[in-house]
>>> print(open('input_5.csv').read())   # CSV, C-alpha atoms
chain,number,residue,atom,x,y,z
A,1,MET,CA,-2.6,7.6,9.0
A,2,THR,CA,-6.4,7.9,9.4
A,3,LEU,CA,-8.5,7.8,6.3
A,4,HIS,CA,-11.6,10.0,6.1
A,5,LYS,CA,-14.7,7.9,6.5
A,6,THR,CA,-16.8,8.4,3.3
A,7,ALA,CA,-19.6,6.4,1.7
A,8,ALA,CA,-18.1,3.9,-0.7
A,9,LEU,CA,-19.0,3.8,-4.3
A,10,SER,CA,-21.0,0.6,-5.0
A,11,LEU,CA,-18.9,-0.9,-7.7
A,12,ILE,CA,-16.8,-4.0,-8.3
A,13,LEU,CA,-14.8,-4.4,-11.5
A,14,VAL,CA,-12.8,-7.5,-12.6
A,15,LEU,CA,-10.3,-6.6,-15.2
A,16,SER,CA,-8.9,-8.9,-17.9
A,17,PHE,CA,-5.5,-8.3,-19.4
A,18,ALA,CA,-5.5,-10.3,-22.6
A,19,VAL,CA,-3.4,-7.6,-24.4
A,20,PRO,CA,-0.6,-5.7,-22.6
A,21,GLY,CA,-1.1,-2.0,-22.4
A,22,PHE,CA,-3.0,0.7,-20.7
A,23,SER,CA,-6.3,0.0,-19.0
A,24,GLN,CA,-8.3,2.5,-21.1
A,25,ASN,CA,-9.1,-0.6,-23.2
A,26,LEU,CA,-10.9,-2.2,-20.3
A,27,LYS,CA,-14.6,-1.8,-19.8
A,28,GLY,CA,-15.6,0.7,-17.2
A,29,TRP,CA,-12.3,2.5,-16.8
A,30,VAL,CA,-11.0,5.7,-18.6
A,31,PRO,CA,-7.9,7.8,-18.4
A,32,ALA,CA,-8.1,10.5,-15.8
A,33,PRO,CA,-7.2,14.1,-16.7
A,34,SER,CA,-4.3,15.7,-14.9
A,35,SER,CA,-4.9,18.2,-12.1
A,36,LYS,CA,-3.7,20.9,-14.4
A,37,ASP,CA,-6.4,20.0,-17.0
A,38,ASN,CA,-9.2,19.5,-14.4
A,39,ALA,CA,-8.3,21.0,-11.0
A,40,GLY,CA,-12.0,20.6,-9.9
A,41,LEU,CA,-12.0,16.9,-10.4
A,42,TRP,CA,-8.8,16.4,-8.4
A,43,THR,CA,-10.1,18.6,-5.6
A,44,CYS,CA,-13.3,16.5,-5.5
A,45,ALA,CA,-11.3,13.3,-5.6
A,46,GLY,CA,-9.9,14.0,-2.2
A,47,TYR,CA,-13.4,13.4,-0.9
A,48,GLY,CA,-14.1,10.3,-2.9
A,49,GLY,CA,-14.3,6.7,-1.8
A,50,SER,CA,-11.2,4.5,-1.9
A,51,TRP,CA,-10.4,1.5,-4.1
A,52,GLU,CA,-8.5,-1.7,-3.3
A,53,VAL,CA,-6.7,-3.8,-5.9
A,54,SER,CA,-6.1,-7.6,-5.6
A,55,GLU,CA,-4.9,-10.4,-7.9
A,56,HIS,CA,-6.4,-13.9,-8.3
A,57,GLN,CA,-5.5,-16.4,-10.9
A,58,GLY,CA,-4.0,-13.8,-13.2
A,59,ARG,CA,-6.9,-11.4,-12.9
A,60,ILE,CA,-6.9,-8.0,-11.3
A,61,ALA,CA,-9.9,-7.0,-9.2
A,62,VAL,CA,-10.7,-3.5,-8.2
A,63,THR,CA,-13.2,-3.2,-5.3
A,64,ASP,CA,-14.4,-0.7,-2.8
A,65,TYR,CA,-12.0,-0.3,0.2
A,66,ASP,CA,-13.4,-0.2,3.7
A,67,PRO,CA,-10.7,0.1,6.4
A,68,GLU,CA,-13.2,-1.0,9.0
A,69,LYS,CA,-13.7,-4.4,7.3
A,70,GLN,CA,-10.0,-5.3,6.8
A,71,ALA,CA,-9.2,-8.7,8.3
A,72,GLU,CA,-7.0,-8.5,11.4
A,73,ALA,CA,-3.9,-10.7,11.4
A,74,ALA,CA,-4.4,-13.7,13.6
A,75,LEU,CA,-2.2,-14.1,16.7
A,76,PRO,CA,-0.7,-17.4,18.0
A,77,ALA,CA,-2.1,-18.4,21.3
A,78,GLN,CA,1.2,-17.9,23.0
A,79,VAL,CA,1.4,-14.2,22.1
A,80,LYS,CA,-0.2,-11.8,24.7
A,81,LEU,CA,-0.4,-8.2,23.8
A,82,SER,CA,0.3,-5.2,26.1
A,83,LYS,CA,-1.5,-1.9,26.2
A,84,GLU,CA,1.1,-0.1,24.0
A,85,MET,CA,0.6,-2.6,21.2
A,86,ILE,CA,-2.2,-0.7,19.3
A,87,GLY,CA,-3.4,-0.2,15.7
A,88,THR,CA,-3.6,-2.4,12.6
A,89,ARG,CA,-1.6,-5.6,13.2
A,90,THR,CA,0.9,-7.5,11.0
A,91,VAL,CA,2.1,-10.9,12.1
A,92,LEU,CA,4.9,-13.1,10.6
A,93,ARG,CA,6.3,-16.4,11.8
A,94,THR,CA,10.1,-16.3,12.1
A,95,MET,CA,12.6,-19.1,12.6
A,96,ASP,CA,12.3,-19.1,16.4
A,97,GLY,CA,9.3,-17.0,17.1
A,98,TRP,CA,7.0,-14.3,15.8
A,99,LEU,CA,7.2,-10.7,14.6
A,100,VAL,CA,4.2,-8.6,15.4
A,101,GLY,CA,4.0,-5.1,14.1
A,102,PHE,CA,1.4,-2.4,14.8
A,103,ASP,CA,0.3,0.8,12.9
A,104,GLY,CA,-1.8,3.1,15.0
A,105,GLY,CA,-1.3,6.2,12.9
A,106,GLU,CA,-0.6,9.3,14.9
A,107,PHE,CA,-1.5,7.4,18.1
A,108,GLY,CA,1.6,5.1,17.9
A,109,GLY,CA,2.7,1.6,16.9
A,110,GLY,CA,5.9,-0.4,16.8
A,111,LEU,CA,7.4,-3.9,16.4
A,112,TRP,CA,7.9,-6.7,18.8
A,113,TRP,CA,9.5,-10.1,18.6
A,114,PHE,CA,8.0,-13.0,20.7
A,115,SER,CA,9.8,-16.2,21.3
A,116,ARG,CA,8.2,-19.5,20.2
A,117,ASN,CA,6.7,-20.0,23.7
A,118,GLY,CA,5.8,-16.3,24.1
A,119,GLN,CA,7.8,-15.9,27.2
A,120,ASP,CA,10.6,-13.8,25.7
A,121,ILE,CA,9.6,-10.5,24.3
A,122,LYS,CA,11.8,-7.8,22.7
A,123,LYS,CA,10.7,-4.4,21.4
A,124,LEU,CA,12.6,-3.4,18.3
A,125,PRO,CA,13.2,0.3,17.4
A,126,THR,CA,10.8,1.3,14.6
A,127,ASN,CA,8.1,3.7,13.6
A,128,ASN,CA,4.7,2.3,12.8
A,129,VAL,CA,4.8,-1.0,11.0
A,130,HIS,CA,3.0,-1.1,7.6
A,131,ALA,CA,4.1,-4.5,6.3
A,132,ILE,CA,6.4,-7.4,7.0
A,133,PHE,CA,7.6,-9.6,4.1
A,134,LYS,CA,9.5,-12.9,4.0
A,135,THR,CA,11.5,-13.2,0.8
A,136,PRO,CA,14.3,-15.5,-0.4
A,137,ASP,CA,16.6,-12.7,0.6
A,138,GLY,CA,15.3,-12.4,4.2
A,139,ILE,CA,12.6,-10.8,6.3
A,140,PHE,CA,12.0,-7.2,5.7
A,141,VAL,CA,10.0,-4.7,7.8
A,142,LEU,CA,8.4,-1.6,6.2
A,143,GLU,CA,8.0,1.2,8.7
A,144,GLY,CA,7.0,4.8,8.8
A,145,ILE,CA,4.4,7.4,9.5
A,146,ALA,CA,2.6,10.2,7.6
A,147,HIS,CA,0.8,12.7,9.8
A,148,LEU,CA,0.4,16.4,9.2
A,149,SER,CA,3.8,17.6,8.0
A,150,LEU,CA,5.6,14.4,9.1
A,151,ASP,CA,6.1,11.9,6.3
A,152,THR,CA,8.9,9.4,6.8
A,153,GLY,CA,9.6,5.7,6.0
A,154,ALA,CA,12.3,3.0,5.8
A,155,ILE,CA,12.9,-0.7,5.1
A,156,ASP,CA,14.8,-2.8,7.7
A,157,ARG,CA,16.0,-6.3,7.6
A,158,PHE,CA,15.1,-8.5,10.5
A,159,ILE,CA,18.1,-10.3,12.1
A,160,GLU,CA,17.5,-13.5,14.1
A,161,THR,CA,20.3,-15.6,15.5
A,162,PRO,CA,20.8,-17.4,18.8
A,163,ASP,CA,22.7,-14.4,20.0
A,164,GLU,CA,20.9,-11.5,18.3
A,165,ILE,CA,17.4,-10.2,17.7
A,166,SER,CA,17.7,-6.9,15.8
A,167,LEU,CA,16.9,-4.8,12.8
A,168,GLN,CA,19.4,-3.7,10.1
A,169,PHE,CA,18.6,-0.5,8.1
A,170,VAL,CA,18.2,-1.2,4.4
A,171,ALA,CA,16.8,1.8,2.7
A,172,ASN,CA,15.3,5.3,3.3
A,173,LEU,CA,11.9,5.5,1.5
A,174,LYS,CA,11.6,9.3,2.0
A,175,GLY,CA,7.9,8.8,2.7
A,176,SER,CA,5.6,6.5,4.7
A,177,PRO,CA,5.1,3.1,2.9
A,178,GLU,CA,1.3,3.3,2.7
A,179,ALA,CA,0.9,0.2,0.4
A,180,SER,CA,3.4,-2.4,-0.8
A,181,THR,CA,3.9,-5.9,-2.3
A,182,VAL,CA,6.7,-8.2,-3.3
A,183,ARG,CA,7.4,-8.9,-7.0
A,184,SER,CA,8.3,-12.4,-8.2
A,185,ASP,CA,12.0,-11.3,-8.4
A,186,GLY,CA,12.0,-10.4,-4.7
A,187,GLN,CA,12.0,-6.7,-5.2
A,188,ILE,CA,9.6,-4.8,-3.0
A,189,VAL,CA,7.1,-2.3,-4.6
A,190,VAL,CA,6.3,0.5,-2.3
A,191,ALA,CA,3.7,3.3,-2.7
A,192,THR,CA,4.2,6.4,-0.6
A,193,MET,CA,2.0,9.5,-0.7
A,194,HIS,CA,4.3,11.0,-3.4
A,195,SER,CA,6.0,8.1,-5.3
A,196,VAL,CA,6.2,4.5,-6.3
A,197,LEU,CA,9.5,2.7,-5.6
A,198,LEU,CA,11.2,-0.6,-6.4
A,199,VAL,CA,13.6,-1.6,-3.6
A,200,ASP,CA,16.0,-4.6,-3.7
A,201,HIS,CA,17.5,-6.4,-0.7
A,202,PHE,CA,20.7,-4.5,-1.1
A,203,GLY,CA,18.8,-1.2,-0.4
A,204,HIS,CA,18.9,0.1,-4.0
A,205,VAL,CA,15.9,2.3,-4.5
A,206,ASN,CA,14.5,2.8,-8.0
A,207,GLU,CA,11.9,5.6,-8.1
A,208,ILE,CA,9.6,4.4,-10.9
A,209,TYR,CA,7.0,7.1,-10.4
A,210,LYS,CA,7.3,10.6,-9.2
A,211,SER,CA,6.0,13.1,-11.6
A,212,GLY,CA,2.9,15.3,-11.9
A,213,GLU,CA,0.3,14.0,-9.4
A,214,ASP,CA,0.7,12.9,-5.7
A,215,LEU,CA,-0.9,9.6,-4.7
A,216,VAL,CA,-4.1,10.1,-2.7
A,217,TYR,CA,-3.9,7.7,0.3
A,218,PRO,CA,-2.7,4.5,-1.3
A,219,THR,CA,-4.5,1.4,0.0
A,220,SER,CA,-2.9,-1.5,-2.0
A,221,VAL,CA,-0.5,-2.5,-4.7
A,222,VAL,CA,-0.4,-5.5,-7.1
A,223,VAL,CA,1.7,-6.7,-10.1
A,224,ASP,CA,0.2,-8.6,-12.9
A,225,GLY,CA,1.8,-11.3,-15.2
A,226,GLN,CA,2.9,-8.7,-17.7
A,227,GLY,CA,4.7,-6.7,-15.0
A,228,ASN,CA,2.1,-3.9,-14.9
A,229,ILE,CA,2.0,-2.3,-11.4
A,230,PHE,CA,-1.4,-1.1,-10.1
A,231,VAL,CA,-1.7,1.2,-7.1
A,232,ALA,CA,-5.2,1.7,-5.7
A,233,MET,CA,-6.1,4.8,-3.7
A,234,ARG,CA,-8.8,7.3,-3.1
A,235,PHE,CA,-10.9,7.8,-6.3
A,236,PHE,CA,-8.1,6.7,-8.7
A,237,VAL,CA,-6.0,3.7,-9.7
A,238,LEU,CA,-2.5,4.3,-11.0
A,239,GLN,CA,-1.2,1.8,-13.6
A,240,LEU,CA,2.5,1.7,-14.3
A,241,VAL,CA,3.4,0.0,-17.6
A,242,PRO,CA,6.9,-1.4,-18.1
A,243,ASN,CA,8.6,0.1,-21.2
A,244,ASN,CA,12.3,-0.6,-21.9
A,245,GLY,CA,13.5,-0.3,-18.3
A,246,ARG,CA,11.2,2.5,-17.3
A,247,TYR,CA,7.5,2.7,-16.4
A,248,ASP,CA,4.8,4.7,-18.2
A,249,PRO,CA,2.1,6.1,-15.8
A,250,GLN,CA,-1.6,6.1,-16.6
A,251,TRP,CA,-4.1,7.5,-14.1
A,252,LEU,CA,-7.4,5.7,-14.3
A,253,MET,CA,-10.9,6.4,-13.0
A,254,PRO,CA,-14.4,4.8,-13.5
A,255,GLY,CA,-16.1,6.1,-16.7
A,256,LYS,CA,-19.0,7.5,-14.7
A,257,CYS,CA,-16.5,9.9,-13.0
A,258,ARG,CA,-16.1,11.9,-16.2
A,259,SER,CA,-18.4,14.4,-14.4
A,260,VAL,CA,-18.5,14.8,-10.6
A,261,LYS,CA,-20.0,16.9,-7.9
A,262,GLN,CA,-19.3,17.3,-4.2
A,263,VAL,CA,-22.2,16.6,-1.9
A,264,ASN,CA,-21.7,16.9,1.9
A,265,TYR,CA,-18.0,16.4,1.8
A,266,ARG,CA,-18.3,13.4,-0.6
A,267,CYS,CA,-17.3,13.3,-4.2
A,268,VAL,CA,-20.1,11.8,-6.3
A,269,CYS,CA,-19.7,10.5,-9.9
A,270,THR,CA,-22.6,11.7,-12.0
A,271,ALA,CA,-21.9,10.6,-15.6
A,272,LYS,CA,-24.5,8.0,-16.9
A,273,ASP,CA,-21.9,5.6,-18.5
>>> encode(input="input_5.csv", output="C-alpha cells")
Amino acid sequence: MTLHKTAALSLILVLSFAVPGFSQNLKGWVPAPSSKDNAGLWTCAGYGGSWEVSEHQGRIAVTDYDPEKQAEAALPAQVKLSKEMIGTRTVLRTMDGWLVGFDGGEFGGGLWWFSRNGQDIKKLPTNNVHAIFKTPDGIFVLEGIAHLSLDTGAIDRFIETPDEISLQFVANLKGSPEASTVRSDGQIVVATMHSVLLVDHFGHVNEIYKSGEDLVYPTSVVVDGQGNIFVAMRFFVLQLVPNNGRYDPQWLMPGKCRSVKQVNYRCVCTAKD
C-alpha cells in the first residue's frame, strides 16, 4: 500500500535493554494513551511521520522511516525484468535459481522464479510479495494486499524440485503482511494492519496482539534478546513483552509527543521534553 508522504521527525534513538520490561524506562520514550483516553492524539497520529526499528549487536535502533530511501534488492546479472514486474523488489537465491517478488501496492505485483542462467522463467500465483524468508524449515513467501476495503494475506512455502516449481499454501493471515521477521526458533512474526501474529512452518497461527488499537501502517519488526517484539509504524512503536506464554502490549511514543498539533496535514509533537 502507498504511505502518505509527510515530513519526517528529525530523531534517532538507540535503546538499551539492560533490564527486561517495558520501554517506559528508556530515555525519550513514554507510554502512549489509548484512543479512548486521547482520541485527538490518535487522530493526529495518522498524519505523523513513520518509524523504523532495527537490531544491531543486541541493541534496538528506532529511526525515521523514509520509503523513498529504502535500498532496492540487487538483481543477479542473468535476471531480466519484464514490464509487469513492478514495485518494491524482494530477491532470494534458491537451490537452482532465484525468487523475485514485487509489491506495487494497488498497481500490482507478483512472484517469479528464474533459473540459474535466467533462461527459464515461471510466474507463480500470488498477490503482492512483501517478504521472502529462508529458514531451516524451508523458503516461505509472505503475500497480500491492503487497499481501500481489501485487506488479505497469506504465507506460502516455495517448492523446488527437478520436476516442480510451485507454491504450497501454509497459513491465512487475515490481513496484508505489512512488516515481518523470523525469530531464532524459525517462527515468523507478522504485523498486519490489525494484529501481530506468530506463524510456524506447519501453518499454526498464534495471534499475540489484537486488542484495542489498530496498527498504523507497520514498517518493520524486530525481536530482541529477551524475546521482546517491537513493531514500528506511523507515530508509534508497539512493544510486546513475553509473559508466561502470552504477550503484554505497550504502545510507545517519543516524550515530546505528549502534546501535539496538526499543521497542514502533518502531526507535529510540541512538548519541550
>>> closest_residue(input="input_5.csv", among="A:Tyr247, A:Phe158, A:Phe133, A:Phe114", to="Lys80 in chain A", atoms="all atoms listed in the file")
A:Phe114
>>> residues_near_point(input="input_5.csv", point="(5.7, -8.3, 11.1)", cutoff="9 Å", atoms="all atoms listed in the file", output="mmCIF file with C-alpha atoms, in the frame of the given file")
data_model
loop_
_atom_site.group_PDB
_atom_site.id
_atom_site.type_symbol
_atom_site.label_atom_id
_atom_site.label_comp_id
_atom_site.auth_asym_id
_atom_site.auth_seq_id
_atom_site.Cartn_x
_atom_site.Cartn_y
_atom_site.Cartn_z
ATOM 1 C CA ARG A 89 -1.600 -5.600 13.200
ATOM 2 C CA THR A 90 0.900 -7.500 11.000
ATOM 3 C CA VAL A 91 2.100 -10.900 12.100
ATOM 4 C CA LEU A 92 4.900 -13.100 10.600
ATOM 5 C CA ARG A 93 6.300 -16.400 11.800
ATOM 6 C CA TRP A 98 7.000 -14.300 15.800
ATOM 7 C CA LEU A 99 7.200 -10.700 14.600
ATOM 8 C CA VAL A 100 4.200 -8.600 15.400
ATOM 9 C CA GLY A 101 4.000 -5.100 14.100
ATOM 10 C CA PHE A 102 1.400 -2.400 14.800
ATOM 11 C CA LEU A 111 7.400 -3.900 16.400
ATOM 12 C CA TRP A 112 7.900 -6.700 18.800
ATOM 13 C CA TRP A 113 9.500 -10.100 18.600
ATOM 14 C CA VAL A 129 4.800 -1.000 11.000
ATOM 15 C CA HIS A 130 3.000 -1.100 7.600
ATOM 16 C CA ALA A 131 4.100 -4.500 6.300
ATOM 17 C CA ILE A 132 6.400 -7.400 7.000
ATOM 18 C CA PHE A 133 7.600 -9.600 4.100
ATOM 19 C CA ILE A 139 12.600 -10.800 6.300
ATOM 20 C CA PHE A 140 12.000 -7.200 5.700
ATOM 21 C CA VAL A 141 10.000 -4.700 7.800
ATOM 22 C CA LEU A 142 8.400 -1.600 6.200
#
>>> atom_distance(input="input_5.csv", atom1="CA of Ala271 in chain A", atom2="CA of Leu252 in chain A")
15.4 Å
>>> residues_around(input="input_5.csv", residues="range 41-55 of chain A", least_positions_apart="3", cutoff="6 Å", atoms="all atoms listed in the file", output="list in words")
Thr6, Ala8, Ser35, Asn38, Arg59, Ile60, Ala61, Val62, Thr63, Asp64, Tyr65, Ser220, Ala232, Met233, Arg234, Phe235, Arg266 and Cys267 of chain A
>>> write_last_selection(input="input_5.csv", atoms="C-alpha atoms", output="PDB file, in the frame of the given file")
ATOM      1  CA  THR A   6     -16.800   8.400   3.300  1.00  0.00           C
ATOM      2  CA  ALA A   8     -18.100   3.900  -0.700  1.00  0.00           C
ATOM      3  CA  SER A  35      -4.900  18.200 -12.100  1.00  0.00           C
ATOM      4  CA  ASN A  38      -9.200  19.500 -14.400  1.00  0.00           C
ATOM      5  CA  ARG A  59      -6.900 -11.400 -12.900  1.00  0.00           C
ATOM      6  CA  ILE A  60      -6.900  -8.000 -11.300  1.00  0.00           C
ATOM      7  CA  ALA A  61      -9.900  -7.000  -9.200  1.00  0.00           C
ATOM      8  CA  VAL A  62     -10.700  -3.500  -8.200  1.00  0.00           C
ATOM      9  CA  THR A  63     -13.200  -3.200  -5.300  1.00  0.00           C
ATOM     10  CA  ASP A  64     -14.400  -0.700  -2.800  1.00  0.00           C
ATOM     11  CA  TYR A  65     -12.000  -0.300   0.200  1.00  0.00           C
ATOM     12  CA  SER A 220      -2.900  -1.500  -2.000  1.00  0.00           C
ATOM     13  CA  ALA A 232      -5.200   1.700  -5.700  1.00  0.00           C
ATOM     14  CA  MET A 233      -6.100   4.800  -3.700  1.00  0.00           C
ATOM     15  CA  ARG A 234      -8.800   7.300  -3.100  1.00  0.00           C
ATOM     16  CA  PHE A 235     -10.900   7.800  -6.300  1.00  0.00           C
ATOM     17  CA  ARG A 266     -18.300  13.400  -0.600  1.00  0.00           C
ATOM     18  CA  CYS A 267     -17.300  13.300  -4.200  1.00  0.00           C
TER      19      CYS A 267
END
>>> atom_distance(input="input_5.csv", atom1="CA of Ser82 in chain A", atom2="CA of Glu143 in chain A")
20.1 Å
>>> atom_distance(input="input_5.csv", atom1="CA of Ala191 in chain A", atom2="CA of Val221 in chain A")
7.4 Å
>>> closest_residue(input="input_5.csv", among="A:Ser176, A:Ser149, A:Ser211, A:Thr88", to="Gly109 in chain A", atoms="only C-alpha atoms")
A:Thr88
>>> residues_around(input="input_5.csv", residues="Gly203 in chain A", least_positions_apart="2", cutoff="8 Å", atoms="all atoms listed in the file", output="PDB file with C-alpha atoms, in the frame of the given file")
ATOM      1  CA  VAL A 170      18.200  -1.200   4.400  1.00  0.00           C
ATOM      2  CA  ALA A 171      16.800   1.800   2.700  1.00  0.00           C
ATOM      3  CA  VAL A 199      13.600  -1.600  -3.600  1.00  0.00           C
ATOM      4  CA  ASP A 200      16.000  -4.600  -3.700  1.00  0.00           C
ATOM      5  CA  HIS A 201      17.500  -6.400  -0.700  1.00  0.00           C
ATOM      6  CA  VAL A 205      15.900   2.300  -4.500  1.00  0.00           C
TER       7      VAL A 205
END
>>> residues_around(input="input_5.csv", residues="Gly153 in chain A", least_positions_apart="4", cutoff="9 Å", atoms="all atoms listed in the file", output="VMD selection string")
chain A and resid 127 142 to 146 171 to 177 192
>>> closest_residue(input="input_5.csv", among="A:Asn128, A:Asp224, A:Met95, A:Pro242", to="Gly108 in chain A", atoms="all atoms listed in the file")
A:Asn128
>>> closest_residue(input="input_5.csv", among="A:Phe169, A:Tyr265, A:Tyr217, A:Phe107", to="Val237 in chain A", atoms="only C-alpha atoms")
A:Tyr217
>>> closest_residue(input="input_5.csv", among="A:Pro218, A:Pro162, A:Pro33, A:Gly28", to="Trp251 in chain A", atoms="only C-alpha atoms")
A:Pro33
>>> residues_around(input="input_5.csv", residues="Leu240 in chain A", least_positions_apart="5", cutoff="10 Å", atoms="only C-alpha atoms", output="MDAnalysis selection string")
chainID A and resid 21:22 196 208:209 223 227:231 246:251
>>> closest_residue(input="input_5.csv", among="A:Leu81, A:Ser34, A:His147, A:Val222", to="His56 in chain A", atoms="only C-alpha atoms")
A:Val222
>>> residues_around(input="input_5.csv", residues="Lys256 in chain A", least_positions_apart="4", cutoff="10 Å", atoms="only C-alpha atoms", output="list in words")
Gly28, Trp29, Val30, Val260, Val268, Cys269, Thr270, Ala271, Lys272 and Asp273 of chain A
>>> write_last_selection(input="input_5.csv", atoms="C-alpha atoms", output="PDB file, keeping the file's coordinate frame")
ATOM      1  CA  GLY A  28     -15.600   0.700 -17.200  1.00  0.00           C
ATOM      2  CA  TRP A  29     -12.300   2.500 -16.800  1.00  0.00           C
ATOM      3  CA  VAL A  30     -11.000   5.700 -18.600  1.00  0.00           C
ATOM      4  CA  VAL A 260     -18.500  14.800 -10.600  1.00  0.00           C
ATOM      5  CA  VAL A 268     -20.100  11.800  -6.300  1.00  0.00           C
ATOM      6  CA  CYS A 269     -19.700  10.500  -9.900  1.00  0.00           C
ATOM      7  CA  THR A 270     -22.600  11.700 -12.000  1.00  0.00           C
ATOM      8  CA  ALA A 271     -21.900  10.600 -15.600  1.00  0.00           C
ATOM      9  CA  LYS A 272     -24.500   8.000 -16.900  1.00  0.00           C
ATOM     10  CA  ASP A 273     -21.900   5.600 -18.500  1.00  0.00           C
TER      11      ASP A 273
END
>>> build_atoms(input="input_5.csv", residues="range 35-58 of chain A", atoms="N, CA and C atoms", output="PDB file, in the frame of the given file")
ATOM      1  N   SER A  35      -4.357  17.124 -12.919  1.00  0.00           N
ATOM      2  CA  SER A  35      -4.900  18.200 -12.100  1.00  0.00           C
ATOM      3  C   SER A  35      -4.800  19.549 -12.775  1.00  0.00           C
ATOM      4  N   LYS A  36      -3.830  19.690 -13.688  1.00  0.00           N
ATOM      5  CA  LYS A  36      -3.700  20.900 -14.400  1.00  0.00           C
ATOM      6  C   LYS A  36      -4.883  21.075 -15.429  1.00  0.00           C
ATOM      7  N   ASP A  37      -5.299  19.952 -16.005  1.00  0.00           N
ATOM      8  CA  ASP A  37      -6.400  20.000 -17.000  1.00  0.00           C
ATOM      9  C   ASP A  37      -7.763  20.048 -16.324  1.00  0.00           C
ATOM     10  N   ASN A  38      -7.878  19.503 -15.104  1.00  0.00           N
ATOM     11  CA  ASN A  38      -9.200  19.500 -14.400  1.00  0.00           C
ATOM     12  C   ASN A  38      -8.945  19.585 -12.921  1.00  0.00           C
ATOM     13  N   ALA A  39      -8.641  20.773 -12.449  1.00  0.00           N
ATOM     14  CA  ALA A  39      -8.300  21.000 -11.000  1.00  0.00           C
ATOM     15  C   ALA A  39      -9.549  20.633 -10.153  1.00  0.00           C
ATOM     16  N   GLY A  40     -10.768  20.921 -10.649  1.00  0.00           N
ATOM     17  CA  GLY A  40     -12.000  20.600  -9.900  1.00  0.00           C
ATOM     18  C   GLY A  40     -12.152  19.165  -9.596  1.00  0.00           C
ATOM     19  N   LEU A  41     -11.848  18.317 -10.585  1.00  0.00           N
ATOM     20  CA  LEU A  41     -12.000  16.900 -10.400  1.00  0.00           C
ATOM     21  C   LEU A  41     -11.006  16.400  -9.309  1.00  0.00           C
ATOM     22  N   TRP A  42      -9.775  16.883  -9.340  1.00  0.00           N
ATOM     23  CA  TRP A  42      -8.800  16.400  -8.400  1.00  0.00           C
ATOM     24  C   TRP A  42      -9.110  16.937  -6.958  1.00  0.00           C
ATOM     25  N   THR A  43      -9.676  18.130  -6.867  1.00  0.00           N
ATOM     26  CA  THR A  43     -10.100  18.600  -5.600  1.00  0.00           C
ATOM     27  C   THR A  43     -11.245  17.735  -5.029  1.00  0.00           C
ATOM     28  N   CYS A  44     -12.195  17.414  -5.905  1.00  0.00           N
ATOM     29  CA  CYS A  44     -13.300  16.500  -5.500  1.00  0.00           C
ATOM     30  C   CYS A  44     -12.815  15.150  -5.134  1.00  0.00           C
ATOM     31  N   ALA A  45     -11.821  14.641  -5.881  1.00  0.00           N
ATOM     32  CA  ALA A  45     -11.300  13.300  -5.600  1.00  0.00           C
ATOM     33  C   ALA A  45     -10.826  13.068  -4.230  1.00  0.00           C
ATOM     34  N   GLY A  46     -10.348  14.145  -3.605  1.00  0.00           N
ATOM     35  CA  GLY A  46      -9.900  14.000  -2.200  1.00  0.00           C
ATOM     36  C   GLY A  46     -10.982  13.641  -1.255  1.00  0.00           C
ATOM     37  N   TYR A  47     -12.245  13.766  -1.687  1.00  0.00           N
ATOM     38  CA  TYR A  47     -13.400  13.400  -0.900  1.00  0.00           C
ATOM     39  C   TYR A  47     -14.082  12.134  -1.376  1.00  0.00           C
ATOM     40  N   GLY A  48     -13.449  11.456  -2.327  1.00  0.00           N
ATOM     41  CA  GLY A  48     -14.100  10.300  -2.900  1.00  0.00           C
ATOM     42  C   GLY A  48     -13.851   9.025  -2.090  1.00  0.00           C
ATOM     43  N   GLY A  49     -14.565   7.953  -2.438  1.00  0.00           N
ATOM     44  CA  GLY A  49     -14.300   6.700  -1.800  1.00  0.00           C
ATOM     45  C   GLY A  49     -13.023   6.075  -2.307  1.00  0.00           C
ATOM     46  N   SER A  50     -12.482   5.109  -1.562  1.00  0.00           N
ATOM     47  CA  SER A  50     -11.200   4.500  -1.900  1.00  0.00           C
ATOM     48  C   SER A  50     -11.383   3.149  -2.560  1.00  0.00           C
ATOM     49  N   TRP A  51     -10.406   2.786  -3.408  1.00  0.00           N
ATOM     50  CA  TRP A  51     -10.400   1.500  -4.100  1.00  0.00           C
ATOM     51  C   TRP A  51      -9.334   0.580  -3.443  1.00  0.00           C
ATOM     52  N   GLU A  52      -9.496  -0.706  -3.704  1.00  0.00           N
ATOM     53  CA  GLU A  52      -8.500  -1.700  -3.300  1.00  0.00           C
ATOM     54  C   GLU A  52      -8.256  -2.615  -4.502  1.00  0.00           C
ATOM     55  N   VAL A  53      -6.984  -2.922  -4.804  1.00  0.00           N
ATOM     56  CA  VAL A  53      -6.700  -3.800  -5.900  1.00  0.00           C
ATOM     57  C   VAL A  53      -6.179  -5.166  -5.311  1.00  0.00           C
ATOM     58  N   SER A  54      -6.527  -6.252  -6.004  1.00  0.00           N
ATOM     59  CA  SER A  54      -6.100  -7.600  -5.600  1.00  0.00           C
ATOM     60  C   SER A  54      -5.882  -8.399  -6.886  1.00  0.00           C
ATOM     61  N   GLU A  55      -5.161  -9.518  -6.762  1.00  0.00           N
ATOM     62  CA  GLU A  55      -4.900 -10.400  -7.900  1.00  0.00           C
ATOM     63  C   GLU A  55      -5.314 -11.814  -7.547  1.00  0.00           C
ATOM     64  N   HIS A  56      -6.011 -12.482  -8.479  1.00  0.00           N
ATOM     65  CA  HIS A  56      -6.400 -13.900  -8.300  1.00  0.00           C
ATOM     66  C   HIS A  56      -6.407 -14.600  -9.596  1.00  0.00           C
ATOM     67  N   GLN A  57      -5.567 -15.632  -9.683  1.00  0.00           N
ATOM     68  CA  GLN A  57      -5.500 -16.400 -10.900  1.00  0.00           C
ATOM     69  C   GLN A  57      -5.244 -15.599 -12.146  1.00  0.00           C
ATOM     70  N   GLY A  58      -4.337 -14.648 -12.009  1.00  0.00           N
ATOM     71  CA  GLY A  58      -4.000 -13.800 -13.200  1.00  0.00           C
ATOM     72  C   GLY A  58      -4.904 -12.699 -13.476  1.00  0.00           C
TER      73      GLY A  58
END
